[in-house]
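Trainee: My structure file protein.pdb, PDB, C-alpha atoms, is below:
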```pdb
ATOM      1  CA  MET C   1       4.876  52.407 173.167
ATOM      2  CA  THR C   2       8.138  53.838 174.498
ATOM      3  CA  THR C   3      10.244  55.624 171.892
ATOM      4  CA  PRO C   4      13.732  54.052 171.783
ATOM      5  CA  SER C   5      16.905  56.089 172.233
ATOM      6  CA  SER C   6      18.817  53.911 169.763
ATOM      7  CA  VAL C   7      18.054  51.455 166.986
ATOM      8  CA  THR C   8      20.149  49.187 164.745
ATOM      9  CA  VAL C   9      18.978  48.680 161.169
ATOM     10  CA  THR C  10      20.290  45.808 159.052
ATOM     11  CA  VAL C  11      19.753  46.234 155.303
ATOM     12  CA  PRO C  12      20.572  43.688 152.570
ATOM     13  CA  ALA C  13      22.456  44.349 149.365
ATOM     14  CA  THR C  14      20.493  44.099 146.133
ATOM     15  CA  THR C  15      21.001  43.115 142.533
ATOM     16  CA  ALA C  16      18.808  45.062 140.121
ATOM     17  CA  ASN C  17      18.123  45.579 136.408
ATOM     18  CA  ILE C  18      18.283  41.794 136.069
ATOM     19  CA  GLY C  19      18.544  41.225 132.316
ATOM     20  CA  PRO C  20      15.594  43.019 130.690
ATOM     21  CA  GLY C  21      14.201  44.305 134.003
ATOM     22  CA  PHE C  22      15.743  47.766 133.742
ATOM     23  CA  ASP C  23      14.701  50.054 136.630
ATOM     24  CA  CYS C  24      11.863  47.735 137.674
ATOM     25  CA  ILE C  25      13.132  44.408 139.078
ATOM     26  CA  GLY C  26      15.546  43.667 141.890
ATOM     27  CA  ALA C  27      16.376  41.024 144.471
ATOM     28  CA  ALA C  28      17.801  41.231 147.986
ATOM     29  CA  LEU C  29      21.054  39.348 148.603
ATOM     30  CA  SER C  30      22.768  37.932 151.693
ATOM     31  CA  LEU C  31      25.280  40.782 152.096
ATOM     32  CA  TYR C  32      24.465  43.459 154.663
ATOM     33  CA  ASN C  33      25.130  46.954 155.917
ATOM     34  CA  ARG C  34      24.317  47.660 159.547
ATOM     35  CA  LEU C  35      23.541  51.143 160.803
ATOM     36  CA  LYS C  36      23.052  52.074 164.451
ATOM     37  CA  PHE C  37      21.292  55.368 165.226
ATOM     38  CA  SER C  38      21.500  56.791 168.753
ATOM     39  CA  ILE C  39      19.998  59.992 170.096
ATOM     40  CA  ALA C  40      22.887  62.254 171.145
ATOM     41  CA  ASP C  41      23.067  65.271 173.410
ATOM     42  CA  SER C  42      22.457  68.572 171.685
ATOM     43  CA  ALA C  43      26.153  69.497 171.869
ATOM     44  CA  THR C  44      27.030  66.609 169.553
ATOM     45  CA  GLU C  45      24.556  67.397 166.722
ATOM     46  CA  LEU C  46      26.025  64.765 164.385
ATOM     47  CA  LYS C  47      28.676  62.085 164.828
ATOM     48  CA  ILE C  48      29.242  59.349 162.235
ATOM     49  CA  SER C  49      31.700  56.468 162.550
ATOM     50  CA  VAL C  50      32.248  53.807 159.906
ATOM     51  CA  THR C  51      33.851  50.365 160.027
ATOM     52  CA  GLY C  52      34.436  47.874 157.225
ATOM     53  CA  LYS C  53      36.722  47.392 154.242
ATOM     54  CA  GLU C  54      35.888  50.688 152.514
ATOM     55  CA  ALA C  55      35.127  52.732 155.632
ATOM     56  CA  ALA C  56      37.581  55.512 154.773
ATOM     57  CA  ARG C  57      35.592  56.348 151.637
ATOM     58  CA  VAL C  58      32.294  57.048 153.417
ATOM     59  CA  SER C  59      31.579  60.664 154.328
ATOM     60  CA  THR C  60      31.131  61.354 158.033
ATOM     61  CA  ASP C  61      29.507  64.782 157.793
ATOM     62  CA  ASN C  62      26.024  65.955 156.825
ATOM     63  CA  THR C  63      26.577  64.822 153.214
ATOM     64  CA  ASN C  64      26.388  61.188 154.341
ATOM     65  CA  LEU C  65      23.499  59.577 152.452
ATOM     66  CA  ALA C  66      22.154  57.677 155.464
ATOM     67  CA  TYR C  67      22.043  60.914 157.435
ATOM     68  CA  GLN C  68      20.391  62.757 154.547
ATOM     69  CA  ALA C  69      17.671  60.080 154.462
ATOM     70  CA  PHE C  70      17.372  60.325 158.257
ATOM     71  CA  VAL C  71      16.792  64.088 157.965
ATOM     72  CA  LYS C  72      14.394  63.624 155.049
ATOM     73  CA  LEU C  73      11.998  61.600 157.174
ATOM     74  CA  TYR C  74      11.870  64.289 159.856
ATOM     75  CA  GLU C  75      11.316  66.920 157.165
ATOM     76  CA  HIS C  76       8.447  64.791 155.866
ATOM     77  CA  LEU C  77       6.992  64.851 159.383
ATOM     78  CA  ASP C  78       7.610  68.614 159.568
ATOM     79  CA  GLN C  79       9.832  68.045 162.593
ATOM     80  CA  ILE C  80      13.382  69.090 163.453
ATOM     81  CA  PRO C  81      15.696  66.049 163.407
ATOM     82  CA  PRO C  82      17.377  65.241 166.723
ATOM     83  CA  SER C  83      21.113  65.217 167.323
ATOM     84  CA  VAL C  84      22.276  61.744 166.407
ATOM     85  CA  GLU C  85      25.242  59.410 166.454
ATOM     86  CA  ILE C  86      25.410  56.953 163.543
ATOM     87  CA  GLU C  87      27.623  53.851 163.545
ATOM     88  CA  ILE C  88      27.876  52.179 160.141
ATOM     89  CA  ASP C  89      29.321  48.706 159.586
ATOM     90  CA  LEU C  90      29.901  48.131 155.871
ATOM     91  CA  GLY C  91      29.395  44.722 154.310
ATOM     92  CA  VAL C  92      28.148  45.903 150.912
ATOM     93  CA  PRO C  93      30.809  47.180 148.475
ATOM     94  CA  LEU C  94      30.473  50.806 147.387
ATOM     95  CA  ALA C  95      29.623  51.856 143.810
ATOM     96  CA  ARG C  96      29.697  48.280 142.525
ATOM     97  CA  GLY C  97      26.085  47.690 141.462
ATOM     98  CA  LEU C  98      24.976  45.997 144.679
ATOM     99  CA  GLY C  99      22.684  48.690 146.043
ATOM    100  CA  SER C 100      24.956  50.337 148.609
ATOM    101  CA  SER C 101      23.084  53.641 148.214
ATOM    102  CA  ALA C 102      19.776  51.840 148.740
ATOM    103  CA  THR C 103      21.033  50.399 152.036
ATOM    104  CA  ALA C 104      21.926  53.911 153.207
ATOM    105  CA  ILE C 105      18.557  55.359 152.173
ATOM    106  CA  VAL C 106      16.475  52.541 153.647
ATOM    107  CA  GLY C 107      18.634  52.437 156.782
ATOM    108  CA  GLY C 108      18.381  56.181 157.343
ATOM    109  CA  LEU C 109      14.621  56.260 156.860
ATOM    110  CA  LEU C 110      13.965  53.272 159.110
ATOM    111  CA  GLY C 111      16.328  54.550 161.788
ATOM    112  CA  ALA C 112      14.602  57.920 161.840
ATOM    113  CA  ASN C 113      11.146  56.335 161.822
ATOM    114  CA  GLN C 114      11.989  54.197 164.854
ATOM    115  CA  LEU C 115      13.471  57.104 166.818
ATOM    116  CA  ALA C 116      10.473  59.286 165.909
ATOM    117  CA  GLY C 117       8.070  56.749 167.419
ATOM    118  CA  HIS C 118       7.185  54.807 164.254
ATOM    119  CA  PRO C 119       4.832  57.394 162.675
ATOM    120  CA  LEU C 120       5.115  56.029 159.108
ATOM    121  CA  ASN C 121       4.078  52.605 157.837
ATOM    122  CA  GLN C 122       6.123  50.434 155.474
ATOM    123  CA  THR C 123       4.427  51.761 152.333
ATOM    124  CA  GLU C 124       5.113  55.357 153.323
ATOM    125  CA  ILE C 125       8.753  54.491 154.035
ATOM    126  CA  MET C 126       8.974  52.782 150.631
ATOM    127  CA  ASN C 127       7.541  55.791 148.812
ATOM    128  CA  LEU C 128      10.046  58.107 150.487
ATOM    129  CA  ALA C 129      12.902  55.739 149.619
ATOM    130  CA  ILE C 130      11.881  55.619 145.954
ATOM    131  CA  ALA C 131      11.605  59.412 145.846
ATOM    132  CA  ILE C 132      15.137  59.792 147.229
ATOM    133  CA  GLU C 133      16.713  57.069 145.040
ATOM    134  CA  GLY C 134      14.802  58.070 141.904
ATOM    135  CA  HIS C 135      13.880  54.524 140.881
ATOM    136  CA  PRO C 136      12.473  51.550 142.801
ATOM    137  CA  ASP C 137      14.500  48.509 141.723
ATOM    138  CA  ASN C 138      17.060  48.625 144.567
ATOM    139  CA  VAL C 139      15.273  50.270 147.476
ATOM    140  CA  VAL C 140      12.136  48.098 147.288
ATOM    141  CA  PRO C 141      13.869  44.703 147.733
ATOM    142  CA  ALA C 142      16.291  46.271 150.240
ATOM    143  CA  LEU C 143      13.263  47.221 152.331
ATOM    144  CA  LEU C 144      10.997  44.236 151.698
ATOM    145  CA  GLY C 145      13.405  41.381 150.857
ATOM    146  CA  GLY C 146      13.017  38.755 148.156
ATOM    147  CA  CYS C 147      12.694  39.515 144.466
ATOM    148  CA  CYS C 148      10.377  42.385 143.596
ATOM    149  CA  LEU C 149       8.871  43.789 140.414
ATOM    150  CA  THR C 150       7.752  47.408 140.808
ATOM    151  CA  ALA C 151       5.501  49.403 138.466
ATOM    152  CA  SER C 152       4.230  52.960 138.738
ATOM    153  CA  THR C 153       0.493  53.617 138.887
ATOM    154  CA  PRO C 154      -1.528  56.855 138.759
ATOM    155  CA  THR C 155      -1.638  56.810 142.554
ATOM    156  CA  GLY C 156       1.814  55.476 143.433
ATOM    157  CA  TRP C 157       3.528  52.122 143.076
ATOM    158  CA  GLU C 158       2.412  48.527 142.674
ATOM    159  CA  ILE C 159       4.756  45.907 144.122
ATOM    160  CA  CYS C 160       4.681  42.301 142.951
ATOM    161  CA  ASP C 161       6.801  39.729 144.751
ATOM    162  CA  ILE C 162       8.506  37.358 142.301
ATOM    163  CA  PRO C 163       9.006  33.752 143.401
ATOM    164  CA  TRP C 164      12.690  32.783 143.220
ATOM    165  CA  HIS C 165      13.144  29.039 142.789
ATOM    166  CA  SER C 166      15.294  27.433 145.468
ATOM    167  CA  ASP C 167      17.524  25.758 142.849
ATOM    168  CA  ILE C 168      18.709  29.113 141.432
ATOM    169  CA  VAL C 169      21.965  30.333 142.971
ATOM    170  CA  PRO C 170      23.021  33.966 142.425
ATOM    171  CA  VAL C 171      26.788  34.327 141.968
ATOM    172  CA  VAL C 172      28.259  37.837 142.072
ATOM    173  CA  ALA C 173      31.714  38.747 140.788
ATOM    174  CA  ILE C 174      32.775  42.032 142.409
ATOM    175  CA  PRO C 175      35.773  43.716 140.754
ATOM    176  CA  ASP C 176      38.191  46.146 142.374
ATOM    177  CA  PHE C 177      37.106  49.034 140.164
ATOM    178  CA  GLU C 178      33.987  51.195 140.376
ATOM    179  CA  LEU C 179      31.311  52.302 137.955
ATOM    180  CA  SER C 180      29.001  55.082 139.082
ATOM    181  CA  THR C 181      25.304  54.907 138.296
ATOM    182  CA  ALA C 182      25.540  58.339 136.679
ATOM    183  CA  GLU C 183      28.311  57.184 134.347
ATOM    184  CA  ALA C 184      26.413  54.002 133.496
ATOM    185  CA  ARG C 185      23.296  56.034 132.653
ATOM    186  CA  ARG C 186      25.184  58.471 130.428
ATOM    187  CA  VAL C 187      25.946  55.759 127.865
ATOM    188  CA  LEU C 188      22.278  54.856 127.396
ATOM    189  CA  PRO C 189      20.321  56.201 124.404
ATOM    190  CA  THR C 190      17.420  58.564 125.003
ATOM    191  CA  GLU C 191      15.102  56.655 122.649
ATOM    192  CA  TYR C 192      14.556  52.996 121.725
ATOM    193  CA  SER C 193      12.912  51.316 118.768
ATOM    194  CA  ARG C 194       9.554  49.581 118.980
ATOM    195  CA  ALA C 195      11.330  46.295 118.234
ATOM    196  CA  ASP C 196      13.644  46.708 121.238
ATOM    197  CA  ALA C 197      10.711  47.595 123.512
ATOM    198  CA  ILE C 198       8.810  44.493 122.390
ATOM    199  CA  PHE C 199      11.941  42.361 122.793
ATOM    200  CA  ASN C 200      12.419  43.442 126.420
ATOM    201  CA  ALA C 201       8.747  43.061 127.332
ATOM    202  CA  ALA C 202       8.701  39.507 126.000
ATOM    203  CA  HIS C 203      11.981  38.509 127.609
ATOM    204  CA  LEU C 204      11.036  39.967 130.984
ATOM    205  CA  GLY C 205       7.954  37.732 130.936
ATOM    206  CA  ILE C 206      10.124  34.699 130.212
ATOM    207  CA  LEU C 207      12.583  35.718 132.945
ATOM    208  CA  LEU C 208       9.821  35.865 135.553
ATOM    209  CA  ARG C 209       8.697  32.349 134.662
ATOM    210  CA  GLY C 210      12.291  31.147 134.706
ATOM    211  CA  LEU C 211      12.862  32.563 138.186
ATOM    212  CA  GLU C 212       9.665  30.956 139.423
ATOM    213  CA  THR C 213      10.294  27.500 137.940
ATOM    214  CA  GLY C 214      14.076  27.251 137.765
ATOM    215  CA  ASN C 215      13.784  26.338 134.076
ATOM    216  CA  GLY C 216      17.285  26.912 132.710
ATOM    217  CA  ASP C 217      16.175  27.485 129.122
ATOM    218  CA  TRP C 218      13.746  30.186 130.258
ATOM    219  CA  LEU C 219      16.439  31.812 132.406
ATOM    220  CA  LYS C 220      18.902  31.767 129.528
ATOM    221  CA  ALA C 221      16.406  33.388 127.171
ATOM    222  CA  GLY C 222      14.820  35.620 129.783
ATOM    223  CA  MET C 223      18.031  37.384 130.793
ATOM    224  CA  GLN C 224      18.595  38.793 127.291
ATOM    225  CA  ASP C 225      18.234  42.567 127.037
ATOM    226  CA  LYS C 226      18.385  45.404 124.515
ATOM    227  CA  ILE C 227      17.815  48.413 126.796
ATOM    228  CA  HIS C 228      20.923  48.775 128.961
ATOM    229  CA  GLN C 229      23.392  45.892 128.801
ATOM    230  CA  PRO C 230      24.526  46.299 125.164
ATOM    231  CA  TYR C 231      25.607  49.847 126.007
ATOM    232  CA  ARG C 232      27.043  49.301 129.473
ATOM    233  CA  LYS C 233      29.101  46.170 128.914
ATOM    234  CA  SER C 234      31.753  48.202 127.069
ATOM    235  CA  LEU C 235      32.420  50.029 130.370
ATOM    236  CA  ILE C 236      33.325  46.740 132.101
ATOM    237  CA  LYS C 237      36.738  45.319 131.244
ATOM    238  CA  GLY C 238      36.634  41.659 130.221
ATOM    239  CA  TYR C 239      32.825  41.434 130.290
ATOM    240  CA  GLU C 240      32.426  39.025 127.353
ATOM    241  CA  LYS C 241      35.298  36.780 128.443
ATOM    242  CA  VAL C 242      33.882  36.476 131.970
ATOM    243  CA  ARG C 243      30.406  35.796 130.578
ATOM    244  CA  LEU C 244      31.599  33.034 128.263
ATOM    245  CA  ALA C 245      33.620  31.469 131.084
ATOM    246  CA  ALA C 246      30.571  31.474 133.352
ATOM    247  CA  LEU C 247      28.412  29.864 130.662
ATOM    248  CA  ASP C 248      31.059  27.246 129.904
ATOM    249  CA  ALA C 249      31.183  26.407 133.618
ATOM    250  CA  GLY C 250      27.429  25.766 133.668
ATOM    251  CA  ALA C 251      25.748  29.096 134.433
ATOM    252  CA  ASP C 252      22.378  29.697 132.789
ATOM    253  CA  GLU C 253      23.370  33.273 131.922
ATOM    254  CA  MET C 254      25.368  36.228 133.208
ATOM    255  CA  VAL C 255      24.275  39.877 133.330
ATOM    256  CA  ILE C 256      25.343  43.179 134.848
ATOM    257  CA  SER C 257      24.251  43.647 138.452
ATOM    258  CA  GLY C 258      22.575  47.017 138.834
ATOM    259  CA  ALA C 259      24.615  49.629 136.998
ATOM    260  CA  GLY C 260      27.723  47.463 137.311
ATOM    261  CA  PRO C 261      30.554  46.710 137.361
ATOM    262  CA  THR C 262      29.600  43.678 139.477
ATOM    263  CA  LEU C 263      28.491  40.791 137.287
ATOM    264  CA  LEU C 264      25.659  38.426 138.234
ATOM    265  CA  ALA C 265      25.494  34.816 137.073
ATOM    266  CA  LEU C 266      22.525  32.567 137.768
ATOM    267  CA  THR C 267      23.389  28.915 138.178
ATOM    268  CA  ASN C 268      22.469  25.885 140.289
ATOM    269  CA  SER C 269      24.042  24.101 143.245
ATOM    270  CA  LEU C 270      25.753  21.491 141.037
ATOM    271  CA  THR C 271      27.686  24.073 139.015
ATOM    272  CA  THR C 272      28.108  26.866 141.589
ATOM    273  CA  SER C 273      31.702  26.049 142.496
ATOM    274  CA  ALA C 274      32.787  25.783 138.862
ATOM    275  CA  VAL C 275      31.090  29.087 137.978
ATOM    276  CA  VAL C 276      32.721  30.899 140.914
ATOM    277  CA  THR C 277      36.166  29.626 139.920
ATOM    278  CA  ALA C 278      35.692  30.351 136.221
ATOM    279  CA  MET C 279      34.580  33.951 136.784
ATOM    280  CA  ALA C 280      37.382  34.670 139.266
ATOM    281  CA  ASP C 281      40.121  33.104 137.118
ATOM    282  CA  THR C 282      38.970  34.774 133.914
ATOM    283  CA  TRP C 283      38.878  38.251 135.407
ATOM    284  CA  LYS C 284      42.258  37.615 137.068
ATOM    285  CA  ASN C 285      43.660  36.785 133.625
ATOM    286  CA  GLN C 286      42.342  40.177 132.468
ATOM    287  CA  GLY C 287      44.329  41.862 135.222
ATOM    288  CA  VAL C 288      41.262  42.519 137.385
ATOM    289  CA  VAL C 289      41.287  41.654 141.077
ATOM    290  CA  THR C 290      37.857  40.321 141.929
ATOM    291  CA  GLU C 291      35.893  38.741 144.752
ATOM    292  CA  VAL C 292      33.365  36.138 143.650
ATOM    293  CA  LYS C 293      30.620  35.043 146.026
ATOM    294  CA  ALA C 294      27.770  32.547 145.808
ATOM    295  CA  LEU C 295      24.969  34.175 147.780
ATOM    296  CA  ASP C 296      21.417  33.492 148.926
ATOM    297  CA  ILE C 297      18.295  35.520 148.311
ATOM    298  CA  ASP C 298      17.457  37.462 151.457
ATOM    299  CA  THR C 299      13.750  36.980 152.068
ATOM    300  CA  THR C 300      13.447  39.215 155.138
ATOM    301  CA  GLY C 301      14.541  42.643 153.961
ATOM    302  CA  ALA C 302      15.553  45.434 156.328
ATOM    303  CA  ILE C 303      15.118  44.728 160.033
ATOM    304  CA  CYS C 304      15.263  46.983 163.073
ATOM    305  CA  ASN C 305      16.336  45.940 166.553
TER     306      ASN C 305
END
```
Could you quickly redo this structure as structure tokens?

Mentor:
Amino acid sequence: MTTPSSVTVTVPATTANIGPGFDCIGAALSLYNRLKFSIADSATELKISVTGKEAARVSTDNTNLAYQAFVKLYEHLDQIPPSVEIEIDLGVPLARGLGSSATAIVGGLLGANQLAGHPLNQTEIMNLAIAIEGHPDNVVPALLGGCCLTASTPTGWEICDIPWHSDIVPVVAIPDFELSTAEARRVLPTEYSRADAIFNAAHLGILLRGLETGNGDWLKAGMQDKIHQPYRKSLIKGYEKVRLAALDAGADEMVISGAGPTLLALTNSLTTSAVVTAMADTWKNQGVVTEVKALDIDTTGAICN
């Protein structure tokens, strides 16, 4: 097989930590970042160009996360990375809880793997991505697509694909302010009670059945959480008002997407329009400019061409 001189990687956004699924469950969404990697002459070494709404905020030197992941794969192979030109087209908002860092990590690893002649398989790519990100809930669905539950084992990771009922529509409300993952983690306690651990285990089980069946009562109950949301919602202006507006408009429940501040409501096709409008209007009344989108679940994951 001829090794290509360039490759374009398309990686979906993700929503993770869904309700009680902290650091273990995530789903790929129909928003995308596209990254093109091209072998450059040795005089170039590294050239990064970025297009998209927030392009000016993406680093274009060797601190760029996609490039760092690109280099990491070659280091894993014990090879020197080639000079490369990277063209990034942003469709996933930065630092909003939609997995933008996961798209960079997965994109960089896949781009490097293609240009290196495809030495690593999908599982090896996934393990590297998890090691770079530090937790699996975003990078796994970004790579594989769909909704994924990931658990550690003595020898690595076990991935379970979670059926997502076709009637369930994910609605994301993306505000014009950021919340870093580091900041969102700082507010979490270091220990939890047995009661809270049992609560989350039970509700995660109900959530999985709700996602599979589309049962609204199970979704409503299953998205309750005592591990991260009670602590993080105070960092998100207007959280409770937006949540109540979404529920009044017909959503089953609303939670924080990833580390936030994007909010995720699960609803159905009959109430989607009302939920979108309610979330947008309520946040606007709180003085927050927001973009609300009804999305699909991406079932393909990252693709190379």

Trainee: Which residues, named as in the file, does the PyMOL selection byres ((chain C and resi 110) around 12) pick out? Answer as a ChimeraX atom specification.

Mentor: /C:6-11,34-37,66-67,69-74,102-109,111-126,128-129,142-143,301-305

Trainee: Which residues would end up in the selection if the PyMOL selection byres ((chain C and resi 16-23) around 9) were applied here, given that I need the answer as an MDAnalysis selection string?

Mentor: chainID C and resid 14:15 24:28 97:99 135:138 149:150 199:201 203:204 207 222:229 254:259 264

Trainee: Just say which residues the PyMOL selection byres ((chain C and resi 81-90) around 7) picks in this file, as a CSV table (one decimal) with C-alpha atoms, keeping the file's coordinate frame.

Mentor:
```csv
chain,number,residue,atom,x,y,z
C,33,ASN,CA,25.1,47.0,155.9
C,34,ARG,CA,24.3,47.7,159.5
C,35,LEU,CA,23.5,51.1,160.8
C,36,LYS,CA,23.1,52.1,164.5
C,37,PHE,CA,21.3,55.4,165.2
C,38,SER,CA,21.5,56.8,168.8
C,39,ILE,CA,20.0,60.0,170.1
C,40,ALA,CA,22.9,62.3,171.1
C,41,ASP,CA,23.1,65.3,173.4
C,42,SER,CA,22.5,68.6,171.7
C,44,THR,CA,27.0,66.6,169.6
C,45,GLU,CA,24.6,67.4,166.7
C,46,LEU,CA,26.0,64.8,164.4
C,47,LYS,CA,28.7,62.1,164.8
C,48,ILE,CA,29.2,59.3,162.2
C,49,SER,CA,31.7,56.5,162.6
C,50,VAL,CA,32.2,53.8,159.9
C,51,THR,CA,33.9,50.4,160.0
C,52,GLY,CA,34.4,47.9,157.2
C,55,ALA,CA,35.1,52.7,155.6
C,71,VAL,CA,16.8,64.1,158.0
C,74,TYR,CA,11.9,64.3,159.9
C,79,GLN,CA,9.8,68.0,162.6
C,80,ILE,CA,13.4,69.1,163.5
C,91,GLY,CA,29.4,44.7,154.3
C,92,VAL,CA,28.1,45.9,150.9
```

Trainee: So that each row is one residue of region 177-293 of chain C with an atom at most 7 Å from region 156-168 of chain C, can you give its shortest atom pair and the distance in Å to one decimal, using only C-alpha atoms, rows by chain and rising number, as a tab-separated table?

Mentor:
```
residue	atom	partner	partner_atom	distance
C:Leu211	CA	C:Trp164	CA	5.0
C:Glu212	CA	C:Pro163	CA	4.9
C:Thr213	CA	C:His165	CA	5.8
C:Gly214	CA	C:His165	CA	5.4
C:Leu266	CA	C:Ile168	CA	6.3
C:Thr267	CA	C:Ile168	CA	5.7
C:Asn268	CA	C:Ile168	CA	5.1
C:Ser269	CA	C:Asp167	CA	6.7
```

Trainee: Compare C:Ala245, C:Ala95, C:Ile174, C:Ile297 by their minimum atom-to-atom distance to Val58 (chain C), counting all atoms listed in the file, and give me the closest one.

Mentor: C:Ala95

Trainee: Could you state the separation of CA of Asp78 (chain C) and CA of Ala151 (chain C) in Å, given to one decimal place?

Mentor: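 Those two atoms sit 28.6 Å apart.
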
Trainee: Could you state the separation of CA of Val171 (chain C) and CA of Tyr231 (chain C) in Å, given to one decimal place?

Mentor: 22.3 Å

Trainee: Grab the CA of Tyr192 (chain C) to CA of Pro230 (chain C) distance for me, in Å with one decimal place.

Mentor: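 Spanning CA of Tyr192 (chain C) to CA of Pro230 (chain C) is a straight-line distance of 12.5 Å.
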
Trainee: Which one is closest to Glu54 (chain C): C:Glu75, C:Asp298, C:Asp217, C:Asp176? Count all atoms listed in the file.

Mentor: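 Among the listed residues, the smallest separation from Glu54 (chain C) belongs to C:Asp176.
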
Trainee: Any chance you could tabulate, as a Markdown table, the residues of region 152-265 of chain C at most 9 Å from region 271-294 of chain C with each one's nearest atom pair and distance in Å to one decimal, using only C-alpha atoms, in chain and rising number order?

Mentor:
```
| residue | atom | partner | partner_atom | distance |
| --- | --- | --- | --- | --- |
| C:Val169 | CA | C:Ala294 | CA | 6.8 |
| C:Pro170 | CA | C:Ala294 | CA | 6.0 |
| C:Val171 | CA | C:Ala294 | CA | 4.3 |
| C:Val172 | CA | C:Lys293 | CA | 5.4 |
| C:Ala173 | CA | C:Val292 | CA | 4.2 |
| C:Ile174 | CA | C:Glu291 | CA | 5.1 |
| C:Pro175 | CA | C:Thr290 | CA | 4.2 |
| C:Asp176 | CA | C:Val289 | CA | 5.6 |
| C:Phe177 | CA | C:Val288 | CA | 8.2 |
| C:Lys237 | CA | C:Gln286 | CA | 7.7 |
| C:Gly238 | CA | C:Gln286 | CA | 6.3 |
| C:Tyr239 | CA | C:Trp283 | CA | 8.5 |
| C:Lys241 | CA | C:Thr282 | CA | 6.9 |
| C:Val242 | CA | C:Met279 | CA | 5.5 |
| C:Arg243 | CA | C:Met279 | CA | 7.7 |
| C:Ala245 | CA | C:Ala278 | CA | 5.7 |
| C:Ala246 | CA | C:Val275 | CA | 5.2 |
| C:Leu247 | CA | C:Val275 | CA | 7.8 |
| C:Asp248 | CA | C:Val275 | CA | 8.3 |
| C:Ala249 | CA | C:Val275 | CA | 5.1 |
| C:Gly250 | CA | C:Thr271 | CA | 5.6 |
| C:Ala251 | CA | C:Val275 | CA | 6.4 |
| C:Ala265 | CA | C:Val275 | CA | 8.1 |
```

Trainee: Given the selection you just returned, output its residues as a file containing C-alpha atoms, formatted as an mmCIF file, in the coordinates of the input.

Mentor:
```
data_model
loop_
_atom_site.group_PDB
_atom_site.id
_atom_site.type_symbol
_atom_site.label_atom_id
_atom_site.label_comp_id
_atom_site.auth_asym_id
_atom_site.auth_seq_id
_atom_site.Cartn_x
_atom_site.Cartn_y
_atom_site.Cartn_z
ATOM 1 C CA VAL C 169 21.965 30.333 142.971
ATOM 2 C CA PRO C 170 23.021 33.966 142.425
ATOM 3 C CA VAL C 171 26.788 34.327 141.968
ATOM 4 C CA VAL C 172 28.259 37.837 142.072
ATOM 5 C CA ALA C 173 31.714 38.747 140.788
ATOM 6 C CA ILE C 174 32.775 42.032 142.409
ATOM 7 C CA PRO C 175 35.773 43.716 140.754
ATOM 8 C CA ASP C 176 38.191 46.146 142.374
ATOM 9 C CA PHE C 177 37.106 49.034 140.164
ATOM 10 C CA LYS C 237 36.738 45.319 131.244
ATOM 11 C CA GLY C 238 36.634 41.659 130.221
ATOM 12 C CA TYR C 239 32.825 41.434 130.290
ATOM 13 C CA LYS C 241 35.298 36.780 128.443
ATOM 14 C CA VAL C 242 33.882 36.476 131.970
ATOM 15 C CA ARG C 243 30.406 35.796 130.578
ATOM 16 C CA ALA C 245 33.620 31.469 131.084
ATOM 17 C CA ALA C 246 30.571 31.474 133.352
ATOM 18 C CA LEU C 247 28.412 29.864 130.662
ATOM 19 C CA ASP C 248 31.059 27.246 129.904
ATOM 20 C CA ALA C 249 31.183 26.407 133.618
ATOM 21 C CA GLY C 250 27.429 25.766 133.668
ATOM 22 C CA ALA C 251 25.748 29.096 134.433
ATOM 23 C CA ALA C 265 25.494 34.816 137.073
#
```

Trainee: Atoms are missing here; could region 187-196 of chain C be completed with N, CA and C atoms and written as a PDB file, in the coordinates of the input?

Mentor:
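So the final result, stored in result-v1.pdb, reads:
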```pdb
ATOM      1  N   VAL C 187      25.703  56.479 129.122  1.00  0.00           N
ATOM      2  CA  VAL C 187      25.946  55.759 127.865  1.00  0.00           C
ATOM      3  C   VAL C 187      24.660  55.239 127.222  1.00  0.00           C
ATOM      4  N   LEU C 188      23.534  55.380 127.921  1.00  0.00           N
ATOM      5  CA  LEU C 188      22.278  54.856 127.396  1.00  0.00           C
ATOM      6  C   LEU C 188      21.653  55.831 126.397  1.00  0.00           C
ATOM      7  N   PRO C 189      21.021  55.311 125.345  1.00  0.00           N
ATOM      8  CA  PRO C 189      20.321  56.201 124.404  1.00  0.00           C
ATOM      9  C   PRO C 189      19.086  56.813 125.045  1.00  0.00           C
ATOM     10  N   THR C 190      18.618  57.902 124.477  1.00  0.00           N
ATOM     11  CA  THR C 190      17.420  58.564 125.003  1.00  0.00           C
ATOM     12  C   THR C 190      16.146  57.990 124.405  1.00  0.00           C
ATOM     13  N   GLU C 191      16.260  57.266 123.305  1.00  0.00           N
ATOM     14  CA  GLU C 191      15.102  56.655 122.649  1.00  0.00           C
ATOM     15  C   GLU C 191      15.443  55.237 122.212  1.00  0.00           C
ATOM     16  N   TYR C 192      14.394  54.389 122.152  1.00  0.00           N
ATOM     17  CA  TYR C 192      14.556  52.996 121.725  1.00  0.00           C
ATOM     18  C   TYR C 192      13.527  52.689 120.648  1.00  0.00           C
ATOM     19  N   SER C 193      13.840  51.704 119.830  1.00  0.00           N
ATOM     20  CA  SER C 193      12.912  51.316 118.768  1.00  0.00           C
ATOM     21  C   SER C 193      11.761  50.497 119.337  1.00  0.00           C
ATOM     22  N   ARG C 194      10.682  50.427 118.593  1.00  0.00           N
ATOM     23  CA  ARG C 194       9.554  49.581 118.980  1.00  0.00           C
ATOM     24  C   ARG C 194      10.005  48.132 119.121  1.00  0.00           C
ATOM     25  N   ALA C 195      10.861  47.686 118.201  1.00  0.00           N
ATOM     26  CA  ALA C 195      11.330  46.295 118.234  1.00  0.00           C
ATOM     27  C   ALA C 195      12.070  45.994 119.532  1.00  0.00           C
ATOM     28  N   ASP C 196      12.913  46.927 119.998  1.00  0.00           N
ATOM     29  CA  ASP C 196      13.644  46.708 121.238  1.00  0.00           C
ATOM     30  C   ASP C 196      12.708  46.705 122.446  1.00  0.00           C
TER      31      ASP C 196
END
```
